[in-house]
Amino acid sequence: MTTSSRIRRSGLAPVLQARLALWTFVVVNVAIVEFLFLTAGKGKNEVLTVAKFFGLHAALIMMFQLLLVARLPWLDRRIGMDRLTVWHRWTGFTLLWTVLTHATIVVLGYATLDNVSMGKTFLALAGVPASLLGMLAATTVLVIGVVSTRAIRRRLQYETWHGLHLLLYVALGLAFVHQLLETTTFKSSVFAMVYWWALWLFAFGSLVAGRIVTPLILNSRHQFRVAAVVPESPDAVSVYVTGQGLDRLAAKSGQFCIWRFPGHRHWWLANPFSLSAEPDGRTLRLTAKAVGKGSAGLRTLRVGTRVFVEGPYGAFTSLHRTRPGVLLIAGGVGVTPIRALLQEHVPGDFVVLYRVRDEREAVLLGELRQLVAARRGRLHLLTGRTGQGARPFEPGALQQLVPDVVARDVYVCGPPAMTAAVLSGLRALNVPNAQVHAEKFGLA
């Protein structure tokens, strides 16, 4: 296999292809909604016409929200779950303000129409089933928006926040029925009815397929089980998972899975762990450091324990390679996807920077050294505490370690502070964005 056969030399980058597809989807559907709004007729007064405008766009935003979290493989492998989740978050706040604007203008419109106060109008509308459903949907979206603000989100356990966040699907169901009963645009023409039904079915279908059907089929087909549990250090452990027909699993080095161990923890508790070795068609390996109850308890897993796996996910792969030379930068347990990328049978000149406070904390260091030696690459183990003067990712230090860094693809995985420092240093050195690959491995 030649280098050129695995490295993109020209053409549109995979991430740009996916973004172009998403923007095209948005623009086309916004144009259709605008057309339906203009051709469906006005509301009972000008204020209610404006309310209808916001209501139609709120419905479109809801459907886009579903697509962003449906974990569609084509999008996930090109954009990455972390970026899709960020877009989902900001789209959610856009939805919140659009829904509140729509609801407020509806009350104002009917208050103007009936020449009564907004308070009386609100109570009157609450007695109409179609309007009540819309109010309940808006209230649910508001609650989710409030608990998703950073100030509150940081104070909640992930499981608590996620449980509340699932109410969004209740809001979507209420909003869908509200739309069926209330809006005239949905039924303004045969084209409008076909369009709205097709769009809702596509959005809900994508979500159900990506979040429910695909994981169930995956686990039914492969029957994942723990094959071995190997301590890597006093606070790190590797878990080897086997299954049936793993050679058909479309997993790549650099990706992560969401792992559940029903016999070990409650079935609803899950952890995202990167693959710490290249998938070989026989086993999958994850390596975790004891930073919480879930990861700390992995060393007590018994061989044969059933495993429920979702994924693989992520765009932190060689699909995005653009240069023959590669710089892999790892921090702490972030070495796991870096180690897997290094093992992958893809040619190139590899340099590895591994940042830890102390060499004793360097998980998988022995394996890393062997892989680097086999590739005739270079490994720099960067030790020391940042607060004590060790700043290896400042522009000058980076260029000293890797003089040709601007000519390389750079993959970065580590704690947020370290990742931010690396990205800042790369920007200062004018490393093109298309050559920089960093991904946050998480659920929210």
# chains A, B, ... in the order shown; residues from 1 in each chain; ligands from 1
$ residues_around --residues "range 48-58 of chain A" --least-positions-apart "4" --cutoff "9 Å" --atoms "only C-alpha atoms" --output "PyMOL selection string"
chain A and resi 30+33-34+37+41-44+62-63+94-96+98-99+101-110+179+183+185
$ write_last_selection --atoms "C-alpha atoms" --output "mmCIF file, in the first residue's frame"
data_model
loop_
_atom_site.group_PDB
_atom_site.id
_atom_site.type_symbol
_atom_site.label_atom_id
_atom_site.label_comp_id
_atom_site.auth_asym_id
_atom_site.auth_seq_id
_atom_site.Cartn_x
_atom_site.Cartn_y
_atom_site.Cartn_z
ATOM 1 C CA VAL A 30 -35.467 26.782 4.944
ATOM 2 C CA VAL A 33 -40.525 26.474 4.588
ATOM 3 C CA GLU A 34 -40.344 30.082 3.390
ATOM 4 C CA PHE A 37 -45.232 30.289 4.575
ATOM 5 C CA GLY A 41 -52.088 32.441 3.399
ATOM 6 C CA LYS A 42 -51.989 34.949 6.227
ATOM 7 C CA GLY A 43 -53.068 34.465 9.816
ATOM 8 C CA LYS A 44 -56.114 36.065 11.437
ATOM 9 C CA MET A 62 -36.609 20.680 16.048
ATOM 10 C CA MET A 63 -36.069 18.273 13.183
ATOM 11 C CA THR A 94 -31.908 28.818 19.070
ATOM 12 C CA LEU A 95 -34.942 26.546 19.347
ATOM 13 C CA LEU A 96 -35.646 27.806 22.854
ATOM 14 C CA THR A 98 -37.730 30.665 18.641
ATOM 15 C CA VAL A 99 -40.357 28.716 20.586
ATOM 16 C CA THR A 101 -40.966 34.085 20.597
ATOM 17 C CA HIS A 102 -43.644 32.081 18.782
ATOM 18 C CA ALA A 103 -45.620 31.493 21.984
ATOM 19 C CA THR A 104 -45.427 35.123 23.101
ATOM 20 C CA ILE A 105 -46.525 36.464 19.731
ATOM 21 C CA VAL A 106 -49.412 33.976 19.568
ATOM 22 C CA VAL A 107 -50.767 35.257 22.901
ATOM 23 C CA LEU A 108 -50.207 38.846 21.789
ATOM 24 C CA GLY A 109 -51.933 38.183 18.467
ATOM 25 C CA TYR A 110 -55.088 36.736 20.009
ATOM 26 C CA GLN A 179 -48.629 21.315 14.658
ATOM 27 C CA THR A 183 -51.291 25.043 11.828
ATOM 28 C CA THR A 185 -49.607 25.429 6.640
#
$ residues_around --residues "Pro415 in chain A" --least-positions-apart "6" --cutoff "12 Å" --atoms "only C-alpha atoms" --output "PyMOL selection string"
chain A and resi 329-335+355-356+421-422+438-442
$ closest_residue --among "A:Leu353, A:Leu301, A:Leu371, A:Val405" --to "Pro324 in chain A" --atoms "only C-alpha atoms"
A:Val405
$ atom_distance --atom1 "CA of Leu381 in chain A" --atom2 "CA of Gln399 in chain A"
15.7 Å
$ closest_residue --among "A:Phe122, A:Tyr169, A:Phe202, A:Phe35" --to "Ser188 in chain A" --atoms "only C-alpha atoms"
A:Phe35
$ atom_distance --atom1 "CA of Arg78 in chain A" --atom2 "CA of Pro14 in chain A"
5.5 Å
$ residues_around --residues "Ser274 in chain A" --least-positions-apart "4" --cutoff "7 Å" --atoms "only C-alpha atoms" --output "list in words"
Gly254, Gln255, Phe256, Cys257, Leu286, Thr336 and Pro337 of chain A
$ residues_around --residues "Leu379 in chain A" --least-positions-apart "2" --cutoff "12 Å" --atoms "only C-alpha atoms" --output "ChimeraX atom specification"
/A:327-330,339,342,349-355,365-377,381-382,401-402
$ residues_around --residues "Asp76 in chain A" --least-positions-apart "4" --cutoff "9 Å" --atoms "only C-alpha atoms" --output "PyMOL selection string"
chain A and resi 71-72+80-82+84+313-315
